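Printed here is run19.cif (mmCIF, C-alpha atoms (C1' of nucleotides)):
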data_run
loop_
_atom_site.label_atom_id
_atom_site.label_comp_id
_atom_site.auth_asym_id
_atom_site.auth_seq_id
_atom_site.Cartn_x
_atom_site.Cartn_y
_atom_site.Cartn_z
CA MET A 1 50.12 44.16 21.70
CA ASP A 2 47.06 42.57 20.15
CA LEU A 3 46.04 45.44 17.88
CA VAL A 4 42.74 43.91 16.81
CA ALA A 5 41.61 43.43 20.40
CA PHE A 6 42.95 46.83 21.45
CA ARG A 7 41.07 48.67 18.71
CA SER A 8 37.80 46.83 19.13
CA ALA A 9 37.90 47.30 22.90
CA LEU A 10 38.27 51.07 22.64
CA LEU A 11 35.67 51.50 19.89
CA ALA A 12 33.18 49.30 21.73
CA TRP A 13 33.69 51.43 24.84
CA TYR A 14 33.17 54.59 22.81
CA ASP A 15 30.03 53.23 21.16
CA ALA A 16 28.57 52.68 24.61
CA GLU A 17 30.03 55.56 26.60
CA ALA A 18 30.64 58.48 24.22
CA ARG A 19 29.98 61.75 25.97
CA ASP A 20 27.30 64.02 24.61
CA LEU A 21 29.14 67.15 23.53
CA PRO A 22 27.37 69.96 21.66
CA TRP A 23 29.65 69.70 18.60
CA ARG A 24 29.71 65.92 18.53
CA VAL A 25 27.95 63.53 16.18
CA ARG A 26 27.60 60.43 18.31
CA PRO A 27 28.84 57.13 16.88
CA ALA A 28 25.38 55.70 16.19
CA ALA A 29 24.37 58.74 14.16
CA ARG A 30 27.72 58.84 12.41
CA GLY A 31 27.30 55.19 11.50
CA ALA A 32 23.92 56.08 10.02
CA GLY A 33 25.58 58.60 7.73
CA VAL A 34 25.23 61.82 9.68
CA ARG A 35 28.24 64.08 9.12
CA PRO A 36 29.21 67.01 11.32
CA ASP A 37 29.48 70.55 9.97
CA PRO A 38 33.22 70.99 9.32
CA TYR A 39 33.00 74.66 10.27
CA ALA A 40 31.48 73.74 13.63
CA VAL A 41 34.12 71.06 14.19
CA TRP A 42 36.97 73.42 13.32
CA LEU A 43 35.55 76.11 15.61
CA SER A 44 35.27 73.65 18.47
CA GLU A 45 38.80 72.35 17.99
CA VAL A 46 40.32 75.83 18.03
CA MET A 47 38.34 76.82 21.11
CA LEU A 48 39.30 73.61 22.89
CA GLN A 49 43.04 74.18 22.46
CA GLN A 50 44.37 74.23 26.03
CA THR A 51 40.84 75.02 27.16
CA THR A 52 38.31 72.95 29.10
CA VAL A 53 34.99 71.85 27.63
CA PRO A 54 32.87 73.80 30.17
CA HIS A 55 34.80 77.00 29.44
CA ALA A 56 34.68 76.67 25.64
CA ALA A 57 31.12 75.40 25.19
CA PRO A 58 29.21 78.68 25.67
CA TYR A 59 31.63 80.51 23.37
CA TRP A 60 31.11 77.85 20.71
CA GLN A 61 27.35 78.25 20.94
CA ALA A 62 27.59 82.03 20.77
CA PHE A 63 29.92 82.05 17.77
CA LEU A 64 27.80 79.59 15.80
CA GLN A 65 24.66 81.56 16.52
CA ARG A 66 26.20 84.87 15.57
CA TRP A 67 28.32 83.63 12.64
CA PRO A 68 26.63 80.45 11.35
CA THR A 69 29.02 79.89 8.42
CA VAL A 70 32.65 80.44 7.52
CA ALA A 71 31.54 83.22 5.17
CA ASP A 72 29.73 84.98 8.01
CA LEU A 73 32.80 84.82 10.20
CA ALA A 74 35.07 85.94 7.39
CA ALA A 75 32.90 89.02 6.90
CA ALA A 76 32.91 89.96 10.58
CA GLU A 77 34.76 92.96 11.96
CA ASP A 78 38.01 92.18 13.80
CA ALA A 79 36.85 94.08 16.88
CA GLU A 80 33.58 92.14 17.03
CA VAL A 81 35.34 88.79 16.95
CA MET A 82 37.98 89.80 19.48
CA ALA A 83 35.25 91.08 21.81
CA ALA A 84 33.33 87.82 21.44
CA TRP A 85 36.50 85.89 22.31
CA ALA A 86 37.20 87.98 25.42
CA GLY A 87 37.67 85.78 28.48
CA LEU A 88 38.57 82.65 26.52
CA GLY A 89 42.30 83.37 26.50
CA TYR A 90 45.12 82.70 24.03
CA TYR A 91 43.91 85.54 21.86
CA ALA A 92 46.18 84.63 18.94
CA ARG A 93 43.63 81.89 18.37
CA ALA A 94 40.98 84.49 17.59
CA ARG A 95 43.28 86.43 15.28
CA ASN A 96 44.19 83.22 13.44
CA LEU A 97 40.56 82.14 13.39
CA LEU A 98 39.68 85.24 11.39
CA ARG A 99 42.70 84.87 9.10
CA CYS A 100 41.71 81.26 8.51
CA ALA A 101 38.05 82.06 7.85
CA ARG A 102 39.04 84.70 5.32
CA ALA A 103 41.47 82.34 3.61
CA VAL A 104 38.78 79.67 3.38
CA ALA A 105 36.22 82.15 2.09
CA GLY A 106 38.63 83.58 -0.44
CA GLU A 107 40.64 80.60 -1.60
CA HIS A 108 38.58 77.50 -0.90
CA GLY A 109 35.14 78.62 -2.03
CA GLY A 110 33.90 78.95 1.53
CA ALA A 111 34.39 75.28 2.41
CA LEU A 112 37.12 73.97 4.67
CA PRO A 113 39.49 71.66 2.76
CA ASP A 114 39.09 67.98 3.57
CA SER A 115 42.70 66.82 3.62
CA TYR A 116 45.23 67.02 6.43
CA ASP A 117 47.83 68.73 4.24
CA ARG A 118 45.58 71.55 3.09
CA LEU A 119 44.11 72.01 6.56
CA ARG A 120 47.61 72.10 8.04
CA ALA A 121 48.51 74.99 5.75
CA LEU A 122 45.78 77.22 7.24
CA PRO A 123 46.50 79.75 10.03
CA GLY A 124 46.00 78.35 13.51
CA LEU A 125 45.84 74.71 12.44
CA GLY A 126 48.86 72.83 13.73
CA ASP A 127 49.51 69.10 13.68
CA TYR A 128 46.77 68.33 16.16
CA THR A 129 43.96 70.52 14.84
CA ALA A 130 44.56 69.65 11.17
CA ALA A 131 44.47 65.94 12.02
CA ALA A 132 41.43 66.34 14.27
CA VAL A 133 39.39 68.20 11.65
CA ALA A 134 40.43 65.75 8.92
CA ALA A 135 39.37 62.81 11.07
CA ILE A 136 36.31 64.17 12.87
CA ALA A 137 34.79 66.36 10.16
CA PHE A 138 35.77 64.31 7.09
CA ASP A 139 36.50 60.83 8.46
CA ARG A 140 39.97 60.92 6.92
CA PRO A 141 42.61 58.66 8.44
CA ALA A 142 44.92 60.84 10.53
CA THR A 143 47.06 60.50 13.63
CA VAL A 144 45.32 62.72 16.15
CA VAL A 145 47.54 63.42 19.15
CA ASP A 146 46.58 65.82 21.90
CA GLY A 147 47.47 65.80 25.57
CA ASN A 148 44.92 63.08 26.28
CA VAL A 149 46.30 60.79 23.59
CA GLU A 150 49.85 61.39 24.77
CA ARG A 151 48.87 60.33 28.27
CA VAL A 152 46.98 57.22 27.13
CA ILE A 153 49.81 56.12 24.85
CA ALA A 154 52.50 56.85 27.43
CA ARG A 155 50.66 54.60 29.86
CA VAL A 156 49.73 51.81 27.47
CA PHE A 157 53.36 51.51 26.38
CA ALA A 158 54.94 52.66 29.68
CA VAL A 159 57.08 55.16 27.79
CA GLU A 160 59.96 56.12 30.08
CA ALA A 161 61.24 59.12 28.12
CA PRO A 162 59.88 62.39 29.54
CA LEU A 163 57.74 64.96 27.72
CA PRO A 164 58.19 67.04 25.70
CA ALA A 165 61.14 65.17 24.20
CA SER A 166 59.02 62.02 23.91
CA LYS A 167 56.42 63.64 21.67
CA PRO A 168 57.74 62.11 18.43
CA GLU A 169 57.82 58.64 19.97
CA LEU A 170 54.30 59.03 21.39
CA LYS A 171 53.03 60.19 18.02
CA ARG A 172 54.65 57.25 16.27
CA LEU A 173 53.05 54.81 18.71
CA ALA A 174 49.68 56.55 18.44
CA GLY A 175 49.86 56.21 14.67
CA GLU A 176 50.62 52.50 14.93
CA VAL A 177 47.55 51.75 17.01
CA THR A 178 45.13 54.03 15.13
CA ASP A 179 42.06 52.30 13.66
CA ILE A 180 41.66 53.69 10.13
CA THR A 181 38.22 52.19 9.56
CA ARG A 182 36.52 54.82 11.78
CA PRO A 183 38.91 57.77 11.95
CA GLY A 184 36.53 60.28 13.51
CA ASP A 185 35.26 57.91 16.16
CA TRP A 186 38.77 56.67 16.91
CA ALA A 187 40.15 60.15 17.52
CA GLN A 188 37.29 61.08 19.80
CA ALA A 189 37.42 57.74 21.59
CA MET A 190 41.09 58.19 22.47
CA MET A 191 40.49 61.71 23.70
CA ASP A 192 37.36 60.77 25.64
CA LEU A 193 39.22 57.93 27.32
CA GLY A 194 41.96 60.33 28.38
CA ALA A 195 39.46 62.93 29.55
CA THR A 196 37.22 60.64 31.58
CA ILE A 197 39.08 57.40 32.47
CA CYS A 198 42.81 57.74 31.86
CA THR A 199 42.97 61.03 33.74
CA PRO A 200 46.17 62.74 34.88
CA ARG A 201 45.44 62.02 38.53
CA ALA A 202 43.57 59.02 39.97
CA PRO A 203 42.91 57.24 36.67
CA LYS A 204 39.88 54.94 36.77
CA CYS A 205 41.69 51.81 35.67
CA LEU A 206 38.89 49.58 36.97
CA LEU A 207 36.59 51.10 34.34
CA CYS A 208 39.14 51.19 31.55
CA PRO A 209 38.53 49.08 28.42
CA LEU A 210 42.29 48.94 27.77
CA THR A 211 43.57 47.53 31.08
CA ALA A 212 44.46 44.21 29.51
CA HIS A 213 46.74 46.07 27.08
CA CYS A 214 48.24 48.63 29.45
CA ALA A 215 51.90 48.27 30.43
CA ALA A 216 51.76 51.02 33.04
CA ARG A 217 49.15 49.12 35.00
CA ARG A 218 51.84 46.73 36.19
CA GLY A 219 53.09 49.63 38.28
CA ASP A 220 51.61 53.07 38.97
CA PRO A 221 49.94 54.52 35.85
CA GLU A 222 49.93 57.95 37.45
CA LEU A 223 53.71 58.11 36.96
CA TYR A 224 53.09 58.44 33.22
CA PRO A 225 53.61 60.41 31.13
CA ARG A 226 56.93 61.32 32.71
CA LYS A 227 57.67 65.01 32.43
CA ALA A 228 60.74 67.20 32.38
CA PRO A 229 60.89 69.72 35.24
CA LYS A 230 59.31 73.10 34.55
CA ARG A 231 60.80 76.51 34.77
CA GLU A 232 59.71 78.62 37.68
CA ARG A 233 57.33 81.49 37.05
CA PRO A 234 58.74 85.00 37.56
CA ARG A 235 56.68 87.89 38.94
CA ARG A 236 56.14 91.18 37.16
CA TYR A 237 54.62 94.44 38.32
CA GLY A 238 52.50 97.06 36.60
CA ALA A 239 49.96 99.77 37.21
CA VAL A 240 46.61 100.09 35.42
CA TYR A 241 44.40 103.13 35.13
CA VAL A 242 40.64 103.02 35.54
CA LEU A 243 39.54 106.36 34.11
CA THR A 244 35.80 106.91 34.20
CA ARG A 245 33.56 109.52 32.60
CA GLY A 246 30.11 109.11 34.01
CA GLY A 247 29.37 105.40 33.65
CA GLU A 248 31.95 104.88 30.93
CA THR A 249 35.48 103.52 31.20
CA ALA A 250 38.46 104.45 29.02
CA LEU A 251 39.95 101.57 27.06
CA VAL A 252 42.85 101.27 24.63
CA ARG A 253 43.40 98.86 21.76
CA ARG A 254 46.50 96.75 22.38
CA PRO A 255 49.07 96.02 19.66
CA GLY A 256 48.09 93.28 17.24
CA HIS A 257 50.64 90.78 18.47
CA GLY A 258 52.12 89.52 21.72
CA LEU A 259 50.37 89.27 25.06
CA LEU A 260 46.63 90.01 24.81
CA GLY A 261 47.36 91.20 21.26
CA GLY A 262 44.50 92.86 19.43
CA MET A 263 42.32 93.06 22.52
CA LEU A 264 40.93 96.10 24.26
CA GLY A 265 42.49 96.78 27.64
CA LEU A 266 42.89 99.34 30.38
CA PRO A 267 45.71 101.84 29.95
CA THR A 268 48.70 100.35 31.73
CA THR A 269 52.33 100.96 32.48
CA GLU A 270 55.09 98.68 31.35
CA TRP A 271 55.10 95.38 33.24
CA ARG A 272 58.54 95.19 34.84
CA ASP A 273 60.32 93.16 37.49
CA ARG A 274 60.15 95.92 40.14
CA ALA A 275 57.02 97.15 41.91
CA TRP A 276 55.51 100.54 41.10
CA SER A 277 54.91 103.13 43.77
CA LEU A 278 51.78 105.26 43.59
CA ASP A 279 53.88 108.34 42.80
CA GLU A 280 55.70 106.60 39.99
CA ALA A 281 52.44 105.42 38.48
CA VAL A 282 50.83 108.87 38.73
CA ALA A 283 53.85 110.40 37.03
CA VAL A 284 53.35 108.30 33.89
CA ALA A 285 49.54 108.25 33.90
CA PRO A 286 47.84 108.49 30.48
CA THR A 287 46.19 111.75 31.46
CA ALA A 288 46.40 114.28 34.27
CA ALA A 289 43.76 113.57 36.88
CA ASP A 290 43.25 113.10 40.59
CA TRP A 291 44.58 109.55 40.64
CA ARG A 292 43.88 107.50 43.74
CA GLN A 293 44.93 103.98 44.56
CA ALA A 294 41.87 101.70 44.30
CA GLY A 295 43.51 98.41 45.13
CA ARG A 296 45.66 95.65 43.75
CA VAL A 297 45.08 92.73 41.40
CA GLU A 298 46.98 89.46 41.22
CA HIS A 299 46.84 87.52 37.99
CA LEU A 300 48.59 84.40 36.75
CA PHE A 301 49.63 84.07 33.16
CA THR A 302 51.20 80.93 31.76
CA HIS A 303 54.76 82.11 32.09
CA PHE A 304 54.68 84.89 34.69
CA ALA A 305 52.69 86.18 37.64
CA LEU A 306 51.46 89.75 37.49
CA SER A 307 50.81 92.13 40.35
CA LEU A 308 48.88 95.21 39.28
CA LEU A 309 48.43 98.45 41.18
CA VAL A 310 44.98 99.79 40.29
CA LEU A 311 44.60 103.56 40.01
CA ARG A 312 41.29 105.26 39.61
CA ALA A 313 40.16 108.74 38.59
CA GLU A 314 37.29 110.60 36.97
CA GLY A 315 38.21 112.56 33.89
CA ASP A 316 38.46 112.70 30.13
CA ALA A 317 41.00 111.54 27.58
CA ASP A 318 41.40 110.43 24.00
CA ALA A 319 40.34 106.77 24.31
CA ALA A 320 37.68 104.23 23.44
CA TRP A 321 34.90 104.76 25.98
CA THR A 322 32.62 101.90 26.88
CA ARG A 323 30.10 100.68 29.41
CA ASP A 324 30.52 97.08 28.29
CA LEU A 325 33.43 95.57 30.20
CA SER A 326 32.74 92.08 28.84
CA VAL A 327 34.98 92.94 25.89
CA LEU A 328 38.00 92.84 28.21
CA PRO A 329 40.45 90.02 28.85
CA SER A 330 40.06 88.68 32.38
CA VAL A 331 43.07 90.43 33.84
CA PHE A 332 41.65 93.84 32.91
CA LEU A 333 38.12 92.88 33.87
CA LYS A 334 39.38 92.11 37.38
CA ALA A 335 41.22 95.43 37.55
CA ALA A 336 38.24 97.36 36.21
CA ARG A 337 36.01 95.89 38.89
CA VAL A 338 38.49 96.83 41.60
CA GLY A 339 38.75 100.31 40.13
CA GLN A 340 35.02 100.75 40.20
CA GLY A 341 34.78 99.66 43.78
CA ALA A 342 32.94 96.40 43.14
CA LEU A 343 35.26 94.68 45.54
CA LEU A 344 34.71 91.04 44.66
"C1'" DT B 1 64.59 74.23 20.63
"C1'" DA B 2 62.51 76.72 23.89
"C1'" DA B 3 59.98 80.65 24.93
"C1'" DC B 4 55.78 82.82 24.47
"C1'" DC B 5 50.84 82.93 24.79
"C1'" DG B 6 45.19 83.05 29.14
"C1'" DT B 7 41.98 81.31 31.95
"C1'" DG B 8 39.47 79.00 35.58
"C1'" DG B 9 38.72 74.77 38.08
"C1'" DA B 10 40.48 70.84 40.90
"C1'" DC B 11 43.05 69.45 44.69
"C1'" DT C 1 48.37 79.86 48.56
"C1'" DG C 2 50.52 76.85 45.40
"C1'" DT C 3 50.55 73.62 41.72
"C1'" DC C 4 48.82 71.32 37.95
"C1'" DC C 5 46.46 71.16 33.96
"C1'" DA C 6 42.97 71.45 29.57
"C1'" DA C 7 40.98 68.69 22.37
"C1'" DG C 8 48.19 73.49 21.06
"C1'" DG C 9 50.19 76.94 17.71
"C1'" DT C 10 53.64 80.22 16.47
"C1'" DT C 11 58.08 82.07 16.34
#
Represent the structure of the file as structure tokens.
Amino acid sequence: MDLVAFRSALLAWYDAEARDLPWRVRPAARGAGVRPDPYAVWLSEVMLQQTTVPHAAPYWQAFLQRWPTVADLAAAEDAEVMAAWAGLGYYARARNLLRCARAVAGEHGGALPDSYDRLRALPGLGDYTAAAVAAIAFDRPATVVDGNVERVIARVFAVEAPLPASKPELKRLAGEVTDITRPGDWAQAMMDLGATICTPRAPKCLLCPLTAHCAARRGDPELYPRKAPKRERPRRYGAVYVLTRGGETALVRRPGHGLLGGMLGLPTTEWRDRAWSLDEAVAVAPTAADWRQAGRVEHLFTHFALSLLVLRAEGDADAAWTRDLSVLPSVFLKAARVGQGALL
DNA sequence: TAACCGTGGAC
DNA sequence: TGTCCAAGGTT
């Protein structure tokens, strides 16, 4: 491996081909001394965890507009932030985002720390995000390894060990090739390459600046990174209750941890491994009413599939009543629409 | 360590 | 319809 040629090839590609992302300071501007807002970088990195750019981008814009600084976010109400996160998924990120903002406001004078170690100690910043913020926001040397980097490195070195056991080896190799003269650009270049050229399927090797250095190209790059087989996804069953009072819908606040923790949701039964009959669901309904079956909703979570029986009734109960269903996680939004007869 | 934790788009 | 997967973190 010719490290000098490898590094200059990737950075030259990035200088020419860097994508225009809303939170990005492009390499030319960065070279001219422009520095990104660390708060904006941190927010983007958290939102992008296991989330695509098109999905995260509008949330990032909305958060920055509504809470322009860490102090603004730290002062926000929990319910407001959770509602603004609704639909983005992995809601522990939003809970940790608030915890982190309040820690920064209270213990760091309102400014994100600029070292990996202190960033890593904050809620919601793991190895990847702490390294990414250190590199991108502060241009600190750091080994930034996300799924893109793992794939690029696994291919360049034709790593035969399967993920996730190979993570330490991939990180070690990523650290060895990292260019520490332009940490922020290097991190983004590796990730951009993985996102646009060295893709999981049908990688565009003919356009890749690293082909001369890539061991996997002697065979089929798509075989890398090798992966351990996954567990199969079980199915669970529940019933949800769409109780309306005029144009309002009854919602409940979910417990502050676990699945959809801290979010508003529809009242629901336990989610078990056996289907619910209509009679069973009526028997445990949150309030006595003329419950009718409105339909069924299928939803896929990461580690199980959910089949929901949707019951609907008009009535009253002790609940949070709202007309704004955009505060709901997607699974409940789907059920609420079925319950209200908007069958689409 | 492995399980848990969302969502929507691509194929 | 099924499968994979995306700038992962926490427990």
Once you count only C-alpha atoms (C1' of nucleotides), which residues of chain B turn out to be within 7 Å of chain A? Could you give them as a ChimeraX atom specification?
/B:5-7
Taking the file as I've supplied it (selection: the PyMOL selection byres ((chain A) within 10 of (chain C))), which residues are included? Please answer as a ChimeraX atom specification.
/A:44-53,55,90,92-93,96,123-129,132,144-149,187-188,191-192,195,200-201
Can you work out the spacing between atom CA of A:Val327 and atom CA of A:Leu251 in Å, to one decimal?
10.0 Å
Run the PyMOL selection byres ((chain A and resi 267) around 8) against the file shown and list the residues it catches, as a count of residues only.
11
Expansion of the PyMOL selection byres ((chain A and resi 164-171) around 7) into residues, as a VMD selection string
chain A and resid 145 150 153 to 154 161 to 163 172 to 175
Please indicate the distance in Å from atom CA of A:Phe138 to atom CA of A:Leu21, rounded to one decimal place.
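A separation of 18.0 Å between them.
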For stretch 23-27 of chain A, list every protein, DNA or RNA residue within 8 Å, evaluated using all atoms listed in the file, and leave out those in the same chain fewer than 5 positions away; present the list as a PyMOL selection string.
chain A and resi 14-15+18+34-36+40-41+44+185
Quick one: what's the axis-aligned box for stretch 192-198 of chain A, all listed atoms, 5 Å on every side, centre and edges in Å to one decimal, as lines of an AutoDock Vina configuration file?
center_x = 40.0
center_y = 60.2
center_z = 29.1
size_x = 15.6
size_y = 15.5
size_z = 16.8
Computed interatomic separation between atom CA of A:Gly262 and atom CA of A:Tyr39 (Å)
23.4 Å
Using only C-alpha atoms (C1' of nucleotides) for the distances, tell me which of A:Leu193, A:Arg231, A:Arg99, A:Pro38 is nearest to B:DA3.
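So, comparing all the options, the nearest one is A:Arg231.
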As an mmCIF file, in the frame of the given file, please: stretch 324-334 of chain A completed to all heavy atoms.
data_model
loop_
_atom_site.group_PDB
_atom_site.id
_atom_site.type_symbol
_atom_site.label_atom_id
_atom_site.label_comp_id
_atom_site.auth_asym_id
_atom_site.auth_seq_id
_atom_site.Cartn_x
_atom_site.Cartn_y
_atom_site.Cartn_z
ATOM 1 N N ASP A 324 30.557 98.539 28.387
ATOM 2 C CA ASP A 324 30.520 97.080 28.290
ATOM 3 C C ASP A 324 31.895 96.489 28.585
ATOM 4 O O ASP A 324 32.737 96.392 27.700
ATOM 5 C CB ASP A 324 30.042 96.665 26.909
ATOM 6 C CG ASP A 324 30.003 95.154 26.746
ATOM 7 O OD1 ASP A 324 30.060 94.446 27.781
ATOM 8 O OD2 ASP A 324 29.935 94.689 25.600
ATOM 9 N N LEU A 325 32.113 96.083 29.819
ATOM 10 C CA LEU A 325 33.430 95.570 30.200
ATOM 11 C C LEU A 325 33.627 94.109 29.803
ATOM 12 O O LEU A 325 34.714 93.553 29.982
ATOM 13 C CB LEU A 325 33.617 95.728 31.713
ATOM 14 C CG LEU A 325 33.618 97.186 32.193
ATOM 15 C CD1 LEU A 325 33.787 97.247 33.713
ATOM 16 C CD2 LEU A 325 34.694 97.998 31.504
ATOM 17 N N SER A 326 32.600 93.483 29.232
ATOM 18 C CA SER A 326 32.740 92.080 28.840
ATOM 19 C C SER A 326 33.666 91.916 27.639
ATOM 20 O O SER A 326 34.036 90.799 27.282
ATOM 21 C CB SER A 326 31.376 91.469 28.503
ATOM 22 O OG SER A 326 30.899 91.969 27.266
ATOM 23 N N VAL A 327 34.058 93.023 27.021
ATOM 24 C CA VAL A 327 34.980 92.940 25.890
ATOM 25 C C VAL A 327 36.420 92.774 26.366
ATOM 26 O O VAL A 327 37.320 92.595 25.550
ATOM 27 C CB VAL A 327 34.887 94.206 24.998
ATOM 28 C CG1 VAL A 327 33.471 94.369 24.474
ATOM 29 C CG2 VAL A 327 35.331 95.447 25.763
ATOM 30 N N LEU A 328 36.639 92.836 27.681
ATOM 31 C CA LEU A 328 38.000 92.840 28.210
ATOM 32 C C LEU A 328 38.528 91.435 28.513
ATOM 33 O O LEU A 328 37.770 90.579 28.973
ATOM 34 C CB LEU A 328 38.041 93.650 29.519
ATOM 35 C CG LEU A 328 37.872 95.149 29.386
ATOM 36 C CD1 LEU A 328 37.759 95.780 30.769
ATOM 37 C CD2 LEU A 328 39.019 95.759 28.608
ATOM 38 N N PRO A 329 39.815 91.211 28.301
ATOM 39 C CA PRO A 329 40.450 90.020 28.850
ATOM 40 C C PRO A 329 40.299 90.007 30.373
ATOM 41 O O PRO A 329 40.156 91.059 31.004
ATOM 42 C CB PRO A 329 41.923 90.181 28.460
ATOM 43 C CG PRO A 329 41.930 91.129 27.325
ATOM 44 C CD PRO A 329 40.755 92.050 27.545
ATOM 45 N N SER A 330 40.373 88.820 30.954
ATOM 46 C CA SER A 330 40.060 88.680 32.380
ATOM 47 C C SER A 330 40.912 89.546 33.284
ATOM 48 O O SER A 330 40.427 90.073 34.283
ATOM 49 C CB SER A 330 40.189 87.218 32.783
ATOM 50 O OG SER A 330 39.211 86.446 32.134
ATOM 51 N N VAL A 331 42.191 89.665 32.950
ATOM 52 C CA VAL A 331 43.070 90.430 33.840
ATOM 53 C C VAL A 331 42.586 91.865 33.961
ATOM 54 O O VAL A 331 42.582 92.445 35.057
ATOM 55 C CB VAL A 331 44.536 90.370 33.355
ATOM 56 C CG1 VAL A 331 44.694 90.928 31.953
ATOM 57 C CG2 VAL A 331 45.439 91.092 34.340
ATOM 58 N N PHE A 332 42.124 92.452 32.867
ATOM 59 C CA PHE A 332 41.650 93.840 32.910
ATOM 60 C C PHE A 332 40.249 93.926 33.493
ATOM 61 O O PHE A 332 39.899 94.933 34.118
ATOM 62 C CB PHE A 332 41.698 94.458 31.521
ATOM 63 C CG PHE A 332 43.097 94.692 31.026
ATOM 64 C CD1 PHE A 332 43.528 94.125 29.839
ATOM 65 C CD2 PHE A 332 43.986 95.474 31.745
ATOM 66 C CE1 PHE A 332 44.819 94.346 29.370
ATOM 67 C CE2 PHE A 332 45.279 95.701 31.291
ATOM 68 C CZ PHE A 332 45.697 95.131 30.102
ATOM 69 N N LEU A 333 39.453 92.882 33.277
ATOM 70 C CA LEU A 333 38.120 92.880 33.870
ATOM 71 C C LEU A 333 38.238 92.906 35.399
ATOM 72 O O LEU A 333 37.533 93.647 36.084
ATOM 73 C CB LEU A 333 37.356 91.632 33.408
ATOM 74 C CG LEU A 333 35.913 91.523 33.869
ATOM 75 C CD1 LEU A 333 35.104 92.736 33.429
ATOM 76 C CD2 LEU A 333 35.281 90.241 33.352
ATOM 77 N N LYS A 334 39.162 92.107 35.934
ATOM 78 C CA LYS A 334 39.380 92.110 37.380
ATOM 79 C C LYS A 334 39.794 93.495 37.864
ATOM 80 O O LYS A 334 39.278 94.003 38.866
ATOM 81 C CB LYS A 334 40.473 91.085 37.750
ATOM 82 C CG LYS A 334 40.032 89.653 37.675
ATOM 83 C CD LYS A 334 40.973 88.740 38.469
ATOM 84 C CE LYS A 334 42.143 88.271 37.670
ATOM 85 N NZ LYS A 334 42.995 87.310 38.392
#
